[in-house]
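Content type PDB, C-alpha atoms, pLDDT in the B column, from the file protein-v9.pdb:
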```pdb
ATOM      1  CA  MET A   1      11.630   6.922 -13.266  1.00 62.00           C
ATOM      2  CA  ASN A   2       9.238   3.951 -13.000  1.00 89.00           C
ATOM      3  CA  ILE A   3       8.744   4.121  -9.209  1.00 90.00           C
ATOM      4  CA  GLU A   4       6.886   6.766  -7.209  1.00 92.00           C
ATOM      5  CA  LEU A   5       6.266   7.219  -3.485  1.00 91.00           C
ATOM      6  CA  GLY A   6       2.724   7.759  -2.237  1.00 91.00           C
ATOM      7  CA  LYS A   7       1.475   9.844   0.672  1.00 88.00           C
ATOM      8  CA  THR A   8       3.133   8.879   3.944  1.00 87.00           C
ATOM      9  CA  TYR A   9       1.268   7.463   6.933  1.00 85.00           C
ATOM     10  CA  HIS A  10       2.595   8.298  10.379  1.00 81.00           C
ATOM     11  CA  GLU A  11       1.594   6.944  13.770  1.00 74.00           C
ATOM     12  CA  GLY A  12       3.278   5.699  16.917  1.00 67.00           C
ATOM     13  CA  GLY A  13       6.767   6.815  15.889  1.00 75.00           C
ATOM     14  CA  THR A  14       6.628   4.859  12.620  1.00 82.00           C
ATOM     15  CA  VAL A  15       6.281   6.110   9.035  1.00 88.00           C
ATOM     16  CA  ILE A  16       4.894   3.954   6.224  1.00 90.00           C
ATOM     17  CA  VAL A  17       5.379   5.047   2.613  1.00 93.00           C
ATOM     18  CA  PRO A  18       3.459   3.382  -0.253  1.00 96.00           C
ATOM     19  CA  ILE A  19       5.557   2.413  -3.273  1.00 96.00           C
ATOM     20  CA  ILE A  20       3.807   2.916  -6.613  1.00 96.00           C
ATOM     21  CA  LYS A  21       4.903   1.472  -9.965  1.00 95.00           C
ATOM     22  CA  LYS A  22       3.905   3.283 -13.154  1.00 90.00           C
ATOM     23  CA  ASN A  23       4.475   0.499 -15.660  1.00 90.00           C
ATOM     24  CA  PHE A  24       4.597  -3.258 -15.237  1.00 89.00           C
ATOM     25  CA  LYS A  25       4.627  -6.390 -17.372  1.00 90.00           C
ATOM     26  CA  GLU A  26       2.310  -9.376 -17.207  1.00 92.00           C
ATOM     27  CA  ARG A  27       3.066 -11.673 -14.275  1.00 93.00           C
ATOM     28  CA  LYS A  28       4.362 -15.161 -15.009  1.00 94.00           C
ATOM     29  CA  TYR A  29       3.984 -16.462 -11.441  1.00 96.00           C
ATOM     30  CA  VAL A  30       1.632 -16.315  -8.455  1.00 97.00           C
ATOM     31  CA  THR A  31       2.323 -15.917  -4.745  1.00 96.00           C
ATOM     32  CA  LEU A  32       1.880 -18.665  -2.185  1.00 95.00           C
ATOM     33  CA  GLU A  33      -1.052 -16.708  -0.757  1.00 94.00           C
ATOM     34  CA  GLU A  34      -2.856 -17.128  -4.083  1.00 95.00           C
ATOM     35  CA  ALA A  35      -1.969 -20.802  -4.561  1.00 95.00           C
ATOM     36  CA  LYS A  36      -1.980 -22.126  -0.991  1.00 93.00           C
ATOM     37  CA  ASP A  37      -4.818 -24.582  -1.728  1.00 94.00           C
ATOM     38  CA  LYS A  38      -2.682 -26.171  -4.465  1.00 95.00           C
ATOM     39  CA  MET A  39       0.400 -26.747  -2.323  1.00 95.00           C
ATOM     40  CA  GLU A  40       1.158 -29.879  -0.305  1.00 96.00           C
ATOM     41  CA  ILE A  41       3.573 -29.180   2.539  1.00 96.00           C
ATOM     42  CA  LYS A  42       5.005 -32.020   4.633  1.00 97.00           C
ATOM     43  CA  ASP A  43       7.463 -32.457   7.490  1.00 97.00           C
ATOM     44  CA  SER A  44      10.718 -34.038   6.317  1.00 96.00           C
ATOM     45  CA  GLY A  45      11.596 -35.235   9.818  1.00 96.00           C
ATOM     46  CA  SER A  46      14.450 -32.714  10.026  1.00 96.00           C
ATOM     47  CA  ILE A  47      14.079 -29.520  12.049  1.00 95.00           C
ATOM     48  CA  SER A  48      15.767 -27.548   9.275  1.00 94.00           C
ATOM     49  CA  LYS A  49      13.811 -28.816   6.227  1.00 95.00           C
ATOM     50  CA  ILE A  50      10.229 -29.115   5.053  1.00 97.00           C
ATOM     51  CA  GLU A  51       9.041 -30.459   1.690  1.00 97.00           C
ATOM     52  CA  ILE A  52       6.656 -28.783  -0.758  1.00 96.00           C
ATOM     53  CA  LYS A  53       4.807 -30.181  -3.772  1.00 95.00           C
ATOM     54  CA  SER A  54       2.957 -27.836  -6.123  1.00 95.00           C
ATOM     55  CA  LYS A  55      -0.132 -28.634  -8.176  1.00 94.00           C
ATOM     56  CA  ALA A  56      -0.383 -25.068  -9.466  1.00 94.00           C
ATOM     57  CA  SER A  57      -0.302 -24.430 -13.208  1.00 93.00           C
ATOM     58  CA  GLY A  58       2.859 -22.303 -13.034  1.00 95.00           C
ATOM     59  CA  PRO A  59       5.603 -20.968 -10.753  1.00 97.00           C
ATOM     60  CA  VAL A  60       4.650 -20.150  -7.135  1.00 97.00           C
ATOM     61  CA  PHE A  61       6.706 -17.650  -5.137  1.00 96.00           C
ATOM     62  CA  VAL A  62       7.212 -18.547  -1.463  1.00 95.00           C
ATOM     63  CA  ARG A  63       8.545 -15.651   0.614  1.00 92.00           C
ATOM     64  CA  SER A  64      11.098 -16.033   3.381  1.00 91.00           C
ATOM     65  CA  GLY A  65       9.466 -15.409   6.739  1.00 91.00           C
ATOM     66  CA  THR A  66       6.208 -17.135   5.756  1.00 94.00           C
ATOM     67  CA  MET A  67       4.849 -19.081   8.721  1.00 96.00           C
ATOM     68  CA  PHE A  68       3.740 -22.688   8.259  1.00 97.00           C
ATOM     69  CA  GLU A  69       1.626 -23.973  11.119  1.00 97.00           C
ATOM     70  CA  GLY A  70       2.309 -27.615  11.888  1.00 97.00           C
ATOM     71  CA  VAL A  71      -0.647 -30.005  12.065  1.00 97.00           C
ATOM     72  CA  GLY A  72       0.654 -32.368  14.739  1.00 95.00           C
ATOM     73  CA  THR A  73       4.222 -31.169  14.298  1.00 97.00           C
ATOM     74  CA  GLN A  74       6.265 -28.076  15.148  1.00 96.00           C
ATOM     75  CA  SER A  75       5.605 -24.928  13.120  1.00 97.00           C
ATOM     76  CA  ARG A  76       8.343 -23.663  10.794  1.00 97.00           C
ATOM     77  CA  MET A  77       9.409 -20.591   8.810  1.00 95.00           C
ATOM     78  CA  PRO A  78      11.480 -20.544   5.566  1.00 94.00           C
ATOM     79  CA  THR A  79      14.811 -18.760   5.937  1.00 90.00           C
ATOM     80  CA  MET A  80      15.021 -17.921   2.226  1.00 90.00           C
ATOM     81  CA  SER A  81      12.599 -17.106  -0.585  1.00 92.00           C
ATOM     82  CA  ILE A  82      12.089 -19.727  -3.263  1.00 93.00           C
ATOM     83  CA  VAL A  83      10.124 -20.331  -6.462  1.00 96.00           C
ATOM     84  CA  ILE A  84       8.344 -23.690  -6.569  1.00 95.00           C
ATOM     85  CA  MET A  85       7.569 -25.160  -9.981  1.00 95.00           C
ATOM     86  CA  PRO A  86       4.737 -27.655 -10.597  1.00 94.00           C
ATOM     87  CA  THR A  87       6.128 -31.071  -9.683  1.00 87.00           C
ATOM     88  CA  GLU A  88       5.208 -34.488  -8.356  1.00 84.00           C
ATOM     89  CA  ASN A  89       8.507 -34.667  -6.473  1.00 90.00           C
ATOM     90  CA  PRO A  90       8.744 -32.831  -3.134  1.00 93.00           C
ATOM     91  CA  VAL A  91      11.078 -29.826  -3.046  1.00 93.00           C
ATOM     92  CA  PRO A  92      13.042 -29.417   0.229  1.00 94.00           C
ATOM     93  CA  ILE A  93      13.301 -25.864   1.540  1.00 94.00           C
ATOM     94  CA  PRO A  94      15.386 -24.611   4.511  1.00 94.00           C
ATOM     95  CA  VAL A  95      13.382 -23.563   7.566  1.00 95.00           C
ATOM     96  CA  ASN A  96      13.676 -22.626  11.231  1.00 95.00           C
ATOM     97  CA  CYS A  97      11.363 -23.909  13.952  1.00 96.00           C
ATOM     98  CA  ILE A  98       9.100 -21.270  15.575  1.00 96.00           C
ATOM     99  CA  HIS A  99       7.584 -23.492  18.302  1.00 96.00           C
ATOM    100  CA  ALA A 100      10.485 -24.914  20.293  1.00 95.00           C
ATOM    101  CA  SER A 101       8.581 -27.136  22.737  1.00 95.00           C
ATOM    102  CA  HIS A 102       6.541 -29.002  20.103  1.00 96.00           C
ATOM    103  CA  PRO A 103       7.905 -32.357  18.855  1.00 96.00           C
ATOM    104  CA  ILE A 104       8.562 -33.206  15.200  1.00 97.00           C
ATOM    105  CA  SER A 105       6.326 -35.668  13.366  1.00 97.00           C
ATOM    106  CA  THR A 106       7.729 -36.946  10.066  1.00 97.00           C
ATOM    107  CA  GLY A 107       5.198 -36.736   7.234  1.00 96.00           C
ATOM    108  CA  ALA A 108       2.840 -34.413   9.119  1.00 97.00           C
ATOM    109  CA  SER A 109       1.332 -31.559   7.126  1.00 97.00           C
ATOM    110  CA  PHE A 110       1.434 -27.777   7.434  1.00 97.00           C
ATOM    111  CA  ARG A 111      -0.995 -24.975   6.702  1.00 95.00           C
ATOM    112  CA  PHE A 112      -0.233 -21.403   5.655  1.00 94.00           C
ATOM    113  CA  ALA A 113      -0.271 -19.043   8.666  1.00 94.00           C
ATOM    114  CA  GLY A 114       0.772 -15.623   7.332  1.00 91.00           C
ATOM    115  CA  SER A 115       3.997 -13.672   7.798  1.00 91.00           C
ATOM    116  CA  ALA A 116       6.334 -13.760  10.774  1.00 92.00           C
ATOM    117  CA  PRO A 117       6.780 -10.434  12.589  1.00 89.00           C
ATOM    118  CA  ALA A 118       9.707  -8.259  11.574  1.00 85.00           C
ATOM    119  CA  LYS A 119      11.788  -8.979  14.694  1.00 85.00           C
ATOM    120  CA  VAL A 120      11.719 -12.735  14.182  1.00 91.00           C
ATOM    121  CA  PHE A 121      12.033 -12.533  10.395  1.00 88.00           C
ATOM    122  CA  LYS A 122      15.078 -10.243  10.551  1.00 86.00           C
ATOM    123  CA  MET A 123      16.814 -12.345  13.175  1.00 87.00           C
ATOM    124  CA  ALA A 124      16.392 -15.488  11.079  1.00 83.00           C
ATOM    125  CA  LEU A 125      17.877 -13.727   8.047  1.00 82.00           C
ATOM    126  CA  SER A 126      20.717 -11.917   9.824  1.00 80.00           C
ATOM    127  CA  SER A 127      21.768 -15.030  11.747  1.00 77.00           C
ATOM    128  CA  ARG A 128      21.782 -17.129   8.552  1.00 76.00           C
ATOM    129  CA  GLY A 129      19.039 -19.349   9.884  1.00 74.00           C
ATOM    130  CA  ASN A 130      20.624 -19.931  13.310  1.00 88.00           C
ATOM    131  CA  GLN A 131      17.955 -21.911  15.173  1.00 93.00           C
ATOM    132  CA  SER A 132      18.806 -20.736  18.690  1.00 93.00           C
ATOM    133  CA  ALA A 133      18.739 -17.090  17.587  1.00 93.00           C
ATOM    134  CA  THR A 134      15.310 -17.615  16.022  1.00 94.00           C
ATOM    135  CA  TRP A 135      13.945 -19.262  19.176  1.00 95.00           C
ATOM    136  CA  ASN A 136      15.275 -16.360  21.271  1.00 94.00           C
ATOM    137  CA  SER A 137      13.604 -13.838  18.978  1.00 93.00           C
ATOM    138  CA  VAL A 138      10.289 -15.732  19.193  1.00 94.00           C
ATOM    139  CA  SER A 139      10.390 -15.529  23.002  1.00 92.00           C
ATOM    140  CA  ALA A 140      11.340 -11.846  22.910  1.00 90.00           C
ATOM    141  CA  PHE A 141       8.474 -11.092  20.519  1.00 88.00           C
ATOM    142  CA  SER A 142       5.921 -13.004  22.617  1.00 87.00           C
ATOM    143  CA  ASN A 143       6.991 -11.214  25.787  1.00 85.00           C
ATOM    144  CA  SER A 144       6.765  -7.856  24.011  1.00 80.00           C
ATOM    145  CA  ALA A 145       3.310  -8.714  22.622  1.00 77.00           C
ATOM    146  CA  TYR A 146       2.134  -9.570  26.119  1.00 76.00           C
ATOM    147  CA  THR A 147       3.381  -6.215  27.425  1.00 72.00           C
ATOM    148  CA  ASN A 148       1.783  -4.203  24.594  1.00 65.00           C
ATOM    149  CA  THR A 149      -1.561  -5.992  24.282  1.00 60.00           C
ATOM    150  CA  GLY A 150      -1.975  -7.784  27.607  1.00 59.00           C
ATOM    151  CA  TYR A 151      -3.077 -11.029  25.975  1.00 58.00           C
ATOM    152  CA  THR A 152      -4.058 -13.652  28.511  1.00 56.00           C
ATOM    153  CA  THR A 153      -4.275 -16.908  26.519  1.00 57.00           C
ATOM    154  CA  ASN A 154      -1.614 -19.292  27.788  1.00 61.00           C
ATOM    155  CA  THR A 155       0.090 -20.339  24.542  1.00 68.00           C
ATOM    156  CA  GLY A 156       3.640 -20.200  25.876  1.00 75.00           C
ATOM    157  CA  THR A 157       6.287 -17.719  24.805  1.00 87.00           C
ATOM    158  CA  ASP A 158       7.924 -20.225  22.440  1.00 93.00           C
ATOM    159  CA  ASN A 159       4.799 -20.587  20.242  1.00 93.00           C
ATOM    160  CA  LEU A 160       4.955 -17.734  17.718  1.00 93.00           C
ATOM    161  CA  ILE A 161       1.764 -18.582  15.826  1.00 92.00           C
ATOM    162  CA  GLY A 162      -0.073 -19.196  19.101  1.00 90.00           C
ATOM    163  CA  THR A 163       0.870 -15.713  20.293  1.00 87.00           C
ATOM    164  CA  MET A 164      -0.275 -14.120  17.036  1.00 86.00           C
ATOM    165  CA  LYS A 165      -3.602 -16.003  17.174  1.00 85.00           C
ATOM    166  CA  THR A 166      -4.642 -14.626  20.568  1.00 83.00           C
ATOM    167  CA  GLU A 167      -7.737 -12.417  20.368  1.00 76.00           C
ATOM    168  CA  GLU A 168      -6.012  -9.468  22.039  1.00 73.00           C
ATOM    169  CA  PHE A 169      -3.110  -9.549  19.625  1.00 75.00           C
ATOM    170  CA  LYS A 170      -5.305  -9.989  16.529  1.00 77.00           C
ATOM    171  CA  LYS A 171      -7.570  -7.121  17.588  1.00 77.00           C
ATOM    172  CA  SER A 172      -4.596  -4.815  18.109  1.00 74.00           C
ATOM    173  CA  VAL A 173      -3.048  -5.768  14.751  1.00 79.00           C
ATOM    174  CA  ASP A 174      -6.311  -5.486  12.793  1.00 81.00           C
ATOM    175  CA  GLU A 175      -6.853  -1.988  14.163  1.00 79.00           C
ATOM    176  CA  ILE A 176      -3.360  -0.928  13.111  1.00 80.00           C
ATOM    177  CA  ILE A 177      -3.378  -2.320   9.566  1.00 83.00           C
ATOM    178  CA  SER A 178      -6.836  -0.855   8.865  1.00 84.00           C
ATOM    179  CA  LYS A 179      -5.148   2.569   8.879  1.00 84.00           C
ATOM    180  CA  MET A 180      -2.143   1.680   6.731  1.00 88.00           C
ATOM    181  CA  PRO A 181      -1.897   2.764   3.065  1.00 91.00           C
ATOM    182  CA  LEU A 182      -1.911  -0.690   1.461  1.00 93.00           C
ATOM    183  CA  GLN A 183      -4.157  -0.602  -1.598  1.00 93.00           C
ATOM    184  CA  GLU A 184      -3.443   2.551  -3.556  1.00 94.00           C
ATOM    185  CA  LYS A 185      -3.709   2.371  -7.339  1.00 94.00           C
ATOM    186  CA  ASN A 186      -0.732   0.466  -8.824  1.00 95.00           C
ATOM    187  CA  GLN A 187       0.841   0.017  -5.394  1.00 97.00           C
ATOM    188  CA  VAL A 188       3.586  -2.618  -5.305  1.00 97.00           C
ATOM    189  CA  GLY A 189       4.959  -2.261  -1.778  1.00 96.00           C
ATOM    190  CA  ILE A 190       5.782  -0.166   1.271  1.00 95.00           C
ATOM    191  CA  ALA A 191       8.816   1.330   2.961  1.00 93.00           C
ATOM    192  CA  VAL A 192       8.754   1.362   6.780  1.00 91.00           C
ATOM    193  CA  LEU A 193      10.811   3.915   8.712  1.00 88.00           C
ATOM    194  CA  ASP A 194      11.163   5.046  12.312  1.00 83.00           C
ATOM    195  CA  ILE A 195      13.308   7.591  14.154  1.00 80.00           C
ATOM    196  CA  SER A 196      16.320   5.270  13.762  1.00 81.00           C
ATOM    197  CA  GLY A 197      16.043   4.977   9.977  1.00 84.00           C
ATOM    198  CA  ILE A 198      14.719   2.358   7.566  1.00 87.00           C
ATOM    199  CA  VAL A 199      13.041  -0.600   9.271  1.00 86.00           C
ATOM    200  CA  GLY A 200      12.211  -2.482   6.092  1.00 87.00           C
ATOM    201  CA  ILE A 201      11.243  -2.280   2.426  1.00 91.00           C
ATOM    202  CA  GLU A 202       8.815  -4.773   0.886  1.00 92.00           C
ATOM    203  CA  MET A 203       8.259  -4.493  -2.868  1.00 94.00           C
ATOM    204  CA  PHE A 204       7.006  -6.645  -5.752  1.00 95.00           C
ATOM    205  CA  ASP A 205       7.169  -6.275  -9.521  1.00 94.00           C
ATOM    206  CA  HIS A 206       3.382  -6.231 -10.001  1.00 96.00           C
ATOM    207  CA  PRO A 207       0.361  -4.745  -8.149  1.00 96.00           C
ATOM    208  CA  ASP A 208      -1.476  -8.095  -8.181  1.00 97.00           C
ATOM    209  CA  SER A 209       1.331  -9.712  -6.193  1.00 96.00           C
ATOM    210  CA  TRP A 210       1.304  -6.898  -3.666  1.00 96.00           C
ATOM    211  CA  LEU A 211      -2.493  -7.030  -3.351  1.00 96.00           C
ATOM    212  CA  ALA A 212      -2.281 -10.744  -2.555  1.00 95.00           C
ATOM    213  CA  VAL A 213       0.235 -10.312   0.288  1.00 94.00           C
ATOM    214  CA  CYS A 214      -0.209  -6.735   1.521  1.00 93.00           C
ATOM    215  CA  LYS A 215      -2.181  -7.482   4.688  1.00 90.00           C
ATOM    216  CA  ASP A 216       0.230 -10.212   5.720  1.00 89.00           C
ATOM    217  CA  VAL A 217       3.172  -7.891   5.084  1.00 88.00           C
ATOM    218  CA  ALA A 218       1.456  -5.149   7.109  1.00 88.00           C
ATOM    219  CA  LYS A 219       1.062  -7.561  10.046  1.00 85.00           C
ATOM    220  CA  ARG A 220       4.831  -8.102   9.937  1.00 85.00           C
ATOM    221  CA  TYR A 221       5.326  -4.459  10.931  1.00 83.00           C
ATOM    222  CA  ALA A 222       2.222  -3.962  13.079  1.00 76.00           C
ATOM    223  CA  GLU A 223       4.013  -4.426  16.393  1.00 68.00           C
ATOM    224  CA  LYS A 224       6.583  -1.841  15.333  1.00 63.00           C
ATOM    225  CA  THR A 225       3.801   0.636  14.564  1.00 61.00           C
ATOM    226  CA  ASN A 226       2.187  -0.155  17.911  1.00 52.00           C
ATOM    227  CA  GLY A 227       5.274   0.950  19.818  1.00 49.00           C
ATOM    228  CA  HIS A 228       5.679   3.107  22.897  1.00 44.00           C
ATOM    229  CA  LEU A 229       5.361   6.468  21.109  1.00 46.00           C
ATOM    230  CA  LYS A 230       1.576   6.729  21.259  1.00 50.00           C
ATOM    231  CA  GLU A 231       1.422  10.420  20.426  1.00 52.00           C
ATOM    232  CA  THR A 232       2.627  12.369  17.403  1.00 57.00           C
ATOM    233  CA  TRP A 233       5.607  14.171  18.918  1.00 61.00           C
ATOM    234  CA  PHE A 234       7.241  15.201  15.665  1.00 67.00           C
ATOM    235  CA  THR A 235       6.421  16.110  12.070  1.00 73.00           C
ATOM    236  CA  ILE A 236       7.644  14.327   8.984  1.00 75.00           C
ATOM    237  CA  ASP A 237       9.986  15.949   6.446  1.00 77.00           C
ATOM    238  CA  GLU A 238       8.548  14.468   3.247  1.00 75.00           C
ATOM    239  CA  ASN A 239      11.645  15.341   1.213  1.00 79.00           C
ATOM    240  CA  LYS A 240      13.906  13.656   3.741  1.00 78.00           C
ATOM    241  CA  VAL A 241      11.728  10.531   3.673  1.00 76.00           C
TER     242      VAL A 241
END
```

Exercise: express the given structure as structure tokens:
Amino acid sequence: MNIELGKTYHEGGTVIVPIIKKNFKERKYVTLEEAKDKMEIKDSGSISKIEIKSKASGPVFVRSGTMFEGVGTQSRMPTMSIVIMPTENPVPIPVNCIHASHPISTGASFRFAGSAPAKVFKMALSSRGNQSATWNSVSAFSNSAYTNTGYTTNTGTDNLIGTMKTEEFKKSVDEIISKMPLQEKNQVGIAVLDISGIVGIEMFDHPDSWLAVCKDVAKRYAEKTNGHLKETWFTIDENKV
């Protein structure tokens, strides 16, 4: 078998299992995180589309759930993963808005802003990109973040990136991900579980891809790890995991 599981990490009612790959081929692409300075991202004028041009030398993988912060326009999040080839022509990709009260500005640019949290990301996928469902999940996440971290910056509950940029939230997340098993030798991903079952699995075909995105992926699940079970009330059955 080409895949192994590393030593589990357990805290706050959540288990994180590193995924290790024994053998892998040379990559023929890079992730957006590695090529973000070579991507031009513009607002199409439609709430459901943004346009990307790539000046990278090869294919660039853009993950669903990546947050693009609008510069003078509303922030968006792709609802599907896509590979962008080098091109002079803009490539439209489907997105959902993650800042409901901000107006659209056609032609405005975006900057990379990390990964959306699991609650928002999953809702966007499960609802097939339903905009209202995504807005509702953004508000629910912001309210939950306020309860768990007590952030005080008034960004509004409809501004996902604003919530995640507050000092209280960033401090809480940084503390959590510093403990996660993210950079083991030949690691290509993680599996996240809680007492209800599997929360999510994130895996790449190559360790270099995982290394490029691992901290952003970890932030996606940080709020889950920072849940209400603050103490270790149970032990983990490694075989069951």

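The closest residue to Lys215 in chain A, picked from A:Thr157, A:Ser115, A:Thr31, A:Ser64 and counting only C-alpha atoms, is A:Ser115.
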
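For the file at hand, the PyMOL selection byres ((chain A and resi 28) around 9) resolves to Glu26, Arg27, Tyr29, Val30, Gly58 and Pro59 of chain A.
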
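Pairwise distance (CA of Asn136 in chain A, CA of Arg76 in chain A) equals 14.5 Å.
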
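Using only C-alpha atoms, the shortest contact distance between Leu211 in chain A and any of A:Leu182, A:Leu193, A:Met67, A:Val138 is found at A:Leu182.
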
Take every atom of range 38-50 of chain A listed in the file, pad by 5 Å on each side, and give me the axis-aligned box centre and edge lengths in Å, one decimal, as JSON.
```
{"center_x": 6.5, "center_y": -30.7, "center_z": 3.8, "size_x": 28.4, "size_y": 19.1, "size_z": 26.5}
```

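Each of A:Glu88, A:Asp158, A:Asp208, A:Glu184 was compared to Gly6 in chain A using only C-alpha atoms, and A:Glu184 turns out to be the nearest.
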
Residues near Pro117 in chain A, cut-off 7 Å, only C-alpha atoms, skip fewer than 5 positions along chain, as a VMD selection string: chain A and resid 219 to 221

Written selection (C-alpha atoms) as a PDB file, keeping the file's coordinate frame:
```pdb
ATOM      1  CA  LYS A 219       1.062  -7.561  10.046  1.00 85.00           C
ATOM      2  CA  ARG A 220       4.831  -8.102   9.937  1.00 85.00           C
ATOM      3  CA  TYR A 221       5.326  -4.459  10.931  1.00 83.00           C
TER       4      TYR A 221
END
```

Within 12 Å of Pro18 in chain A using all atoms listed in the file, minus same-chain residues under 4 positions, as a ChimeraX atom specification: /A:3-10,180-193,201-204,207,210,214,218,241

All residues 7 Å or closer to Ser137 in chain A, only C-alpha atoms, same chain fewer than 3 positions away omitted, as a list of chain:residue names: A:Lys119, A:Val120, A:Met123, A:Ala133, A:Thr134, A:Ala140, A:Phe141

Spatial neighbours of Val60 in chain A, max dist 9 Å, only C-alpha atoms, sep filter under 6 positions, as a list in words: Tyr29, Val30, Thr31, Leu32, Glu34, Ala35, Ser54, Ile82, Val83, Ile84, Met85 and Pro86 of chain A

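Atom to atom, CA of Ser75 in chain A and CA of Ala145 in chain A stand 18.9 Å apart.
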
So that I can see what lies close to Ile41 in chain A, please list as a tab-separated table (two decimals) with C-alpha atoms, in the frame of the given file the residues with an atom at most 6 Å from it, counting all atoms listed in the file and leaving out residues fewer than 2 positions away in the same chain.
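Now in out.tsv:
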```
chain	number	residue	atom	x	y	z
A	51	GLU	CA	9.04	-30.46	1.69
A	52	ILE	CA	6.66	-28.78	-0.76
A	109	SER	CA	1.33	-31.56	7.13
A	110	PHE	CA	1.43	-27.78	7.43
```

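Of the residues listed (A:Ser132, A:Thr163, A:Gln74, A:Ser81), A:Ser81 shows the shortest atom-to-atom separation from Pro94 in chain A; distances use only C-alpha atoms.
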
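The spacing separating CA of Ala108 in chain A from CA of Gly70 in chain A amounts to 7.4 Å.
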
Nearby residues, (-3.6, -0.7, 12.1) file frame, 9 Å, only C-alpha atoms, as an MDAnalysis selection string: chainID A and resid 172:180 218:219 222 225:226

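Minimum atom-to-atom distances from A:Asn2, A:His99, A:Ala212, A:Lys38 to Phe68 in chain A were compared using all atoms listed in the file, and the lowest value belongs to A:His99.
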
What does the PyMOL selection byres ((chain A and resi 114) around 7) select in this file, as an mmCIF file with C-alpha atoms, in the coordinates of the input?
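Writing the result to part33.cif gives the following:
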```
data_model
loop_
_atom_site.group_PDB
_atom_site.id
_atom_site.type_symbol
_atom_site.label_atom_id
_atom_site.label_comp_id
_atom_site.auth_asym_id
_atom_site.auth_seq_id
_atom_site.Cartn_x
_atom_site.Cartn_y
_atom_site.Cartn_z
ATOM 1 C CA THR A 66 6.208 -17.135 5.756
ATOM 2 C CA MET A 67 4.849 -19.081 8.721
ATOM 3 C CA PHE A 112 -0.233 -21.403 5.655
ATOM 4 C CA ALA A 113 -0.271 -19.043 8.666
ATOM 5 C CA SER A 115 3.997 -13.672 7.798
ATOM 6 C CA ALA A 116 6.334 -13.760 10.774
ATOM 7 C CA ASP A 216 0.230 -10.212 5.720
#
```

Explicit residue set for the PyMOL selection byres ((chain A and resi 78) around 6), as a ChimeraX atom specification: /A:64-65,77,79-80,94-95

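Shortest separation to Cys97 in chain A among A:Asn159, A:Asn239, A:Ser209, A:Ser126 occurs at residue A:Asn159, atoms counted being all atoms listed in the file.
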